[in-house]
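J.: Pasting structure-v6.cif below, which is mmCIF, N, CA and C atoms.
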```cif
data_run
loop_
_atom_site.label_atom_id
_atom_site.label_comp_id
_atom_site.auth_asym_id
_atom_site.auth_seq_id
_atom_site.Cartn_x
_atom_site.Cartn_y
_atom_site.Cartn_z
N MET V 180 -33.38 -49.16 11.96
CA MET V 180 -32.60 -48.16 11.26
C MET V 180 -33.56 -47.03 10.87
N PRO V 181 -33.15 -45.81 11.09
CA PRO V 181 -34.01 -44.68 10.73
C PRO V 181 -34.19 -44.59 9.21
N GLN V 182 -35.25 -43.91 8.80
CA GLN V 182 -35.49 -43.76 7.37
C GLN V 182 -34.35 -43.01 6.69
N ASN V 183 -33.88 -41.95 7.31
CA ASN V 183 -32.78 -41.18 6.74
C ASN V 183 -31.50 -41.54 7.47
N ILE V 184 -30.52 -41.97 6.73
CA ILE V 184 -29.22 -42.31 7.29
C ILE V 184 -28.18 -41.61 6.41
N THR V 185 -27.19 -41.01 7.03
CA THR V 185 -26.17 -40.30 6.26
C THR V 185 -25.09 -41.28 5.80
N VAL V 186 -24.29 -40.83 4.84
CA VAL V 186 -23.16 -41.64 4.38
C VAL V 186 -22.25 -41.93 5.57
N ARG V 187 -21.99 -40.93 6.42
CA ARG V 187 -21.14 -41.11 7.59
C ARG V 187 -21.68 -42.23 8.50
N GLU V 188 -22.99 -42.19 8.76
CA GLU V 188 -23.59 -43.22 9.62
C GLU V 188 -23.51 -44.60 8.98
N LEU V 189 -23.74 -44.67 7.68
CA LEU V 189 -23.65 -45.96 6.98
C LEU V 189 -22.23 -46.51 7.04
N VAL V 190 -21.24 -45.66 6.79
CA VAL V 190 -19.84 -46.10 6.85
C VAL V 190 -19.50 -46.58 8.26
N GLN V 191 -19.94 -45.86 9.28
CA GLN V 191 -19.67 -46.28 10.66
C GLN V 191 -20.28 -47.64 10.95
N ARG V 192 -21.50 -47.86 10.50
CA ARG V 192 -22.15 -49.15 10.73
C ARG V 192 -21.46 -50.27 9.96
N LEU V 193 -21.06 -49.98 8.74
CA LEU V 193 -20.39 -50.99 7.93
C LEU V 193 -19.02 -51.36 8.50
N GLN V 194 -18.38 -50.44 9.19
CA GLN V 194 -17.06 -50.71 9.76
C GLN V 194 -17.10 -51.76 10.87
N THR V 195 -18.28 -52.11 11.35
CA THR V 195 -18.39 -53.15 12.39
C THR V 195 -18.37 -54.55 11.78
N TYR V 196 -18.40 -54.65 10.45
CA TYR V 196 -18.42 -55.95 9.77
C TYR V 196 -17.06 -56.27 9.16
N ASP V 197 -16.90 -57.52 8.80
CA ASP V 197 -15.68 -58.00 8.15
C ASP V 197 -15.45 -57.24 6.85
N ASP V 198 -14.25 -56.72 6.66
CA ASP V 198 -13.91 -55.95 5.45
C ASP V 198 -14.08 -56.76 4.17
N ASP V 199 -13.98 -58.07 4.26
CA ASP V 199 -14.07 -58.92 3.07
C ASP V 199 -15.48 -59.45 2.82
N ALA V 200 -16.45 -59.08 3.66
CA ALA V 200 -17.83 -59.52 3.45
C ALA V 200 -18.42 -58.82 2.23
N VAL V 201 -19.20 -59.55 1.45
CA VAL V 201 -19.85 -58.95 0.28
C VAL V 201 -21.12 -58.22 0.72
N ILE V 202 -21.57 -57.29 -0.10
CA ILE V 202 -22.76 -56.51 0.20
C ILE V 202 -23.91 -57.03 -0.65
N ARG V 203 -25.06 -57.22 -0.03
CA ARG V 203 -26.30 -57.56 -0.72
C ARG V 203 -27.38 -56.64 -0.18
N LEU V 204 -28.34 -56.32 -1.03
CA LEU V 204 -29.49 -55.53 -0.61
C LEU V 204 -30.65 -56.49 -0.39
N ALA V 205 -31.27 -56.42 0.78
CA ALA V 205 -32.45 -57.22 1.07
C ALA V 205 -33.67 -56.37 0.67
N VAL V 206 -34.52 -56.93 -0.18
CA VAL V 206 -35.63 -56.17 -0.73
C VAL V 206 -36.94 -56.94 -0.60
N SER V 207 -38.02 -56.22 -0.33
CA SER V 207 -39.39 -56.72 -0.34
C SER V 207 -39.67 -57.75 0.76
N PRO V 208 -40.06 -57.28 1.94
CA PRO V 208 -40.33 -58.20 3.05
C PRO V 208 -41.37 -59.28 2.74
N ASP V 209 -42.36 -58.98 1.88
CA ASP V 209 -43.40 -59.96 1.58
C ASP V 209 -42.94 -61.06 0.61
N PHE V 210 -41.91 -60.77 -0.15
CA PHE V 210 -41.36 -61.73 -1.10
C PHE V 210 -39.86 -61.47 -1.17
N PRO V 211 -39.13 -61.81 -0.08
CA PRO V 211 -37.76 -61.33 0.09
C PRO V 211 -36.73 -61.94 -0.88
N PHE V 212 -36.00 -61.03 -1.51
CA PHE V 212 -34.92 -61.41 -2.40
C PHE V 212 -33.65 -60.68 -1.99
N ALA V 213 -32.53 -61.22 -2.41
CA ALA V 213 -31.23 -60.57 -2.22
C ALA V 213 -30.79 -60.03 -3.57
N TYR V 214 -30.32 -58.79 -3.58
CA TYR V 214 -29.88 -58.13 -4.80
C TYR V 214 -28.43 -57.67 -4.67
N TYR V 215 -27.75 -57.63 -5.80
CA TYR V 215 -26.42 -57.05 -5.84
C TYR V 215 -26.58 -55.53 -5.87
N PRO V 216 -25.71 -54.81 -5.16
CA PRO V 216 -25.76 -53.35 -5.31
C PRO V 216 -25.19 -52.98 -6.68
N GLY V 217 -25.74 -51.94 -7.27
CA GLY V 217 -25.28 -51.50 -8.59
C GLY V 217 -24.52 -50.20 -8.49
N THR V 218 -24.66 -49.39 -9.50
CA THR V 218 -23.98 -48.11 -9.58
C THR V 218 -24.47 -47.16 -8.48
N LEU V 219 -23.55 -46.37 -7.96
CA LEU V 219 -23.91 -45.33 -7.00
C LEU V 219 -23.85 -43.98 -7.70
N THR V 220 -24.78 -43.12 -7.38
CA THR V 220 -24.77 -41.77 -7.94
C THR V 220 -25.40 -40.82 -6.94
N GLU V 221 -25.05 -39.56 -7.06
CA GLU V 221 -25.59 -38.55 -6.15
C GLU V 221 -26.63 -37.72 -6.87
N GLY V 222 -27.66 -37.32 -6.15
CA GLY V 222 -28.71 -36.48 -6.71
C GLY V 222 -29.47 -35.82 -5.58
N LEU V 223 -30.66 -35.33 -5.87
CA LEU V 223 -31.52 -34.72 -4.86
C LEU V 223 -32.74 -35.61 -4.65
N ASP V 224 -33.14 -35.78 -3.38
CA ASP V 224 -34.33 -36.57 -3.10
C ASP V 224 -35.57 -35.70 -3.29
N ASP V 225 -36.74 -36.23 -2.97
CA ASP V 225 -38.00 -35.51 -3.16
C ASP V 225 -38.10 -34.24 -2.32
N ASP V 226 -37.32 -34.17 -1.22
CA ASP V 226 -37.33 -32.99 -0.36
C ASP V 226 -36.22 -32.01 -0.71
N GLY V 227 -35.48 -32.28 -1.78
CA GLY V 227 -34.41 -31.39 -2.21
C GLY V 227 -33.10 -31.57 -1.47
N ARG V 228 -32.99 -32.64 -0.68
CA ARG V 228 -31.74 -32.93 0.05
C ARG V 228 -30.81 -33.73 -0.85
N ARG V 229 -29.49 -33.50 -0.66
CA ARG V 229 -28.52 -34.33 -1.39
C ARG V 229 -28.69 -35.76 -0.93
N ALA V 230 -28.63 -36.67 -1.86
CA ALA V 230 -28.81 -38.09 -1.54
C ALA V 230 -27.90 -38.92 -2.44
N VAL V 231 -27.44 -40.05 -1.92
CA VAL V 231 -26.69 -41.02 -2.71
C VAL V 231 -27.66 -42.15 -3.03
N PHE V 232 -27.78 -42.46 -4.30
CA PHE V 232 -28.68 -43.52 -4.75
C PHE V 232 -27.87 -44.74 -5.15
N ILE V 233 -28.31 -45.90 -4.67
CA ILE V 233 -27.67 -47.17 -5.00
C ILE V 233 -28.59 -47.90 -5.97
N ALA V 234 -28.10 -48.12 -7.17
CA ALA V 234 -28.91 -48.79 -8.19
C ALA V 234 -29.00 -50.28 -7.92
N ASP V 235 -30.04 -50.89 -8.43
CA ASP V 235 -30.23 -52.33 -8.39
C ASP V 235 -29.24 -52.95 -9.36
N GLY V 236 -28.35 -53.80 -8.84
CA GLY V 236 -27.34 -54.43 -9.67
C GLY V 236 -27.73 -55.81 -10.15
N GLY V 237 -28.98 -56.20 -9.93
CA GLY V 237 -29.45 -57.51 -10.36
C GLY V 237 -29.77 -58.41 -9.18
N GLN V 238 -30.70 -59.30 -9.40
CA GLN V 238 -31.14 -60.21 -8.34
C GLN V 238 -30.17 -61.36 -8.20
N GLN V 239 -29.81 -61.67 -6.95
CA GLN V 239 -28.95 -62.82 -6.70
C GLN V 239 -29.80 -64.07 -6.50
N SER V 240 -30.69 -64.04 -5.51
CA SER V 240 -31.51 -65.21 -5.19
C SER V 240 -32.52 -64.81 -4.13
N TYR V 241 -33.25 -65.80 -3.66
CA TYR V 241 -34.12 -65.55 -2.52
C TYR V 241 -33.26 -65.15 -1.33
N LEU V 242 -33.80 -64.34 -0.47
CA LEU V 242 -33.10 -63.95 0.75
C LEU V 242 -33.01 -65.16 1.67
N PRO V 243 -31.84 -65.50 2.19
CA PRO V 243 -31.75 -66.65 3.09
C PRO V 243 -32.69 -66.48 4.29
N ARG V 244 -33.38 -67.54 4.65
CA ARG V 244 -34.38 -67.48 5.73
C ARG V 244 -33.82 -66.91 7.03
N PRO V 245 -32.60 -67.30 7.48
CA PRO V 245 -32.09 -66.71 8.72
C PRO V 245 -31.93 -65.19 8.63
N VAL V 246 -31.66 -64.68 7.43
CA VAL V 246 -31.53 -63.23 7.25
C VAL V 246 -32.92 -62.59 7.36
N ALA V 247 -33.92 -63.18 6.73
CA ALA V 247 -35.29 -62.66 6.81
C ALA V 247 -35.78 -62.67 8.26
N VAL V 248 -35.41 -63.70 9.01
CA VAL V 248 -35.78 -63.77 10.44
C VAL V 248 -35.06 -62.66 11.20
N ALA V 249 -33.76 -62.47 10.95
CA ALA V 249 -33.00 -61.43 11.65
C ALA V 249 -33.54 -60.03 11.34
N LEU V 250 -34.05 -59.84 10.12
CA LEU V 250 -34.64 -58.55 9.74
C LEU V 250 -36.08 -58.40 10.26
N ARG V 251 -36.59 -59.47 10.87
CA ARG V 251 -37.97 -59.53 11.38
C ARG V 251 -39.00 -59.43 10.26
N TRP V 252 -38.64 -59.96 9.10
CA TRP V 252 -39.55 -59.99 7.96
C TRP V 252 -40.38 -61.26 7.96
N THR V 253 -39.97 -62.24 8.73
CA THR V 253 -40.68 -63.50 8.85
C THR V 253 -40.40 -64.06 10.24
N THR V 254 -41.21 -65.01 10.64
CA THR V 254 -41.00 -65.63 11.94
C THR V 254 -40.12 -66.86 11.78
N ASP V 255 -39.46 -67.19 12.84
CA ASP V 255 -38.60 -68.37 12.84
C ASP V 255 -39.48 -69.59 13.05
N THR V 256 -39.56 -70.42 12.05
CA THR V 256 -40.39 -71.63 12.14
C THR V 256 -39.55 -72.88 12.35
N THR V 257 -38.28 -72.68 12.68
CA THR V 257 -37.40 -73.81 12.93
C THR V 257 -37.81 -74.47 14.24
N ALA V 258 -37.94 -75.77 14.20
CA ALA V 258 -38.30 -76.50 15.42
C ALA V 258 -37.17 -76.39 16.43
N PRO V 259 -37.52 -76.19 17.70
CA PRO V 259 -36.46 -76.10 18.71
C PRO V 259 -35.71 -77.42 18.83
N GLN V 260 -34.43 -77.31 19.10
CA GLN V 260 -33.62 -78.51 19.27
C GLN V 260 -33.95 -79.13 20.61
N THR V 261 -34.18 -80.41 20.60
CA THR V 261 -34.47 -81.12 21.85
C THR V 261 -33.43 -82.20 22.05
N ARG V 262 -33.22 -82.51 23.31
CA ARG V 262 -32.28 -83.59 23.63
C ARG V 262 -33.08 -84.85 23.87
N ARG V 263 -32.53 -85.94 23.41
CA ARG V 263 -33.18 -87.22 23.67
C ARG V 263 -32.99 -87.58 25.13
N ARG V 264 -34.04 -88.05 25.72
CA ARG V 264 -33.93 -88.52 27.09
C ARG V 264 -33.42 -89.95 27.07
N THR V 265 -32.55 -90.23 27.98
CA THR V 265 -32.04 -91.60 28.07
C THR V 265 -32.80 -92.34 29.15
N VAL V 266 -33.00 -93.58 28.90
CA VAL V 266 -33.72 -94.42 29.87
C VAL V 266 -32.68 -95.14 30.69
N ARG V 267 -32.80 -94.99 31.98
CA ARG V 267 -31.85 -95.68 32.87
C ARG V 267 -32.37 -97.06 33.18
N ALA V 268 -31.47 -97.99 33.14
CA ALA V 268 -31.84 -99.36 33.51
C ALA V 268 -31.99 -99.41 35.02
N SER V 269 -33.03 -100.07 35.47
CA SER V 269 -33.22 -100.17 36.91
C SER V 269 -32.99 -101.62 37.33
N ALA V 270 -32.42 -101.76 38.50
CA ALA V 270 -32.14 -103.10 39.03
C ALA V 270 -33.42 -103.66 39.61
N ARG V 271 -33.65 -104.93 39.38
CA ARG V 271 -34.86 -105.59 39.94
C ARG V 271 -34.49 -106.68 40.87
#
```
In structure tokens, write the structure found in this file.
T.:
Amino acid sequence: MPQNITVRELVQRLQTYDDDAVIRLAVSPDFPFAYYPGTLTEGLDDDGRRAVFIADGGQQSYLPRPVAVALRWTTDTTAPQTRRRTVRASAR
């Protein structure tokens, strides 16, 4: 995702998800947590551009590991699933 994303682009991306899905903010790749979004307000960023700011609405919990893996914030350390080999009885 580019550093600057417009409200239009964010809305378009969000429209690809389930309308009833809740929103969480994933924060801090080195110590990943999930946060609730808080109040939204409009202001100017450091470059003087109009910007919408999403406040921190409070910490929910640690970020689920599969989400951190999908964000490429951590590696997948899950052992690969293997199938048990069956031993065939041989006639003697």
J.: For Pro243 in chain V, list every protein, DNA or RNA residue within 8 Å, evaluated using only N, CA and C atoms, and leave out those in the same chain fewer than 3 positions away; present the list as a PyMOL selection string.
T.: chain V and resi 211-213+240+246-249
J.: If I take CA of Ile233 in chain V and CA of Glu221 in chain V, how far is one from the other in Å, to one decimal?
T.: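 We find that CA of Ile233 in chain V and CA of Glu221 in chain V lie 8.9 Å from each other.
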J.: One decimal, in Å: what's the spacing between CA of Ser207 in chain V and CA of Tyr241 in chain V?
T.: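 Answer for the CA of Ser207 in chain V to CA of Tyr241 in chain V separation: 10.5 Å.
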J.: As an exercise, work out the distance from atom N of Tyr214 in chain V to atom N of Asp235 in chain V in Å and give it to one decimal place.
T.: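 Those two atoms sit 9.3 Å apart.
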J.: Can you tell me, as a PyMOL selection string, what residues are no more than 10 Å from Val186 in chain V when counting only C-alpha atoms, ignoring any on the same chain fewer than 4 positions away?
T.: chain V and resi 190-192+230-231
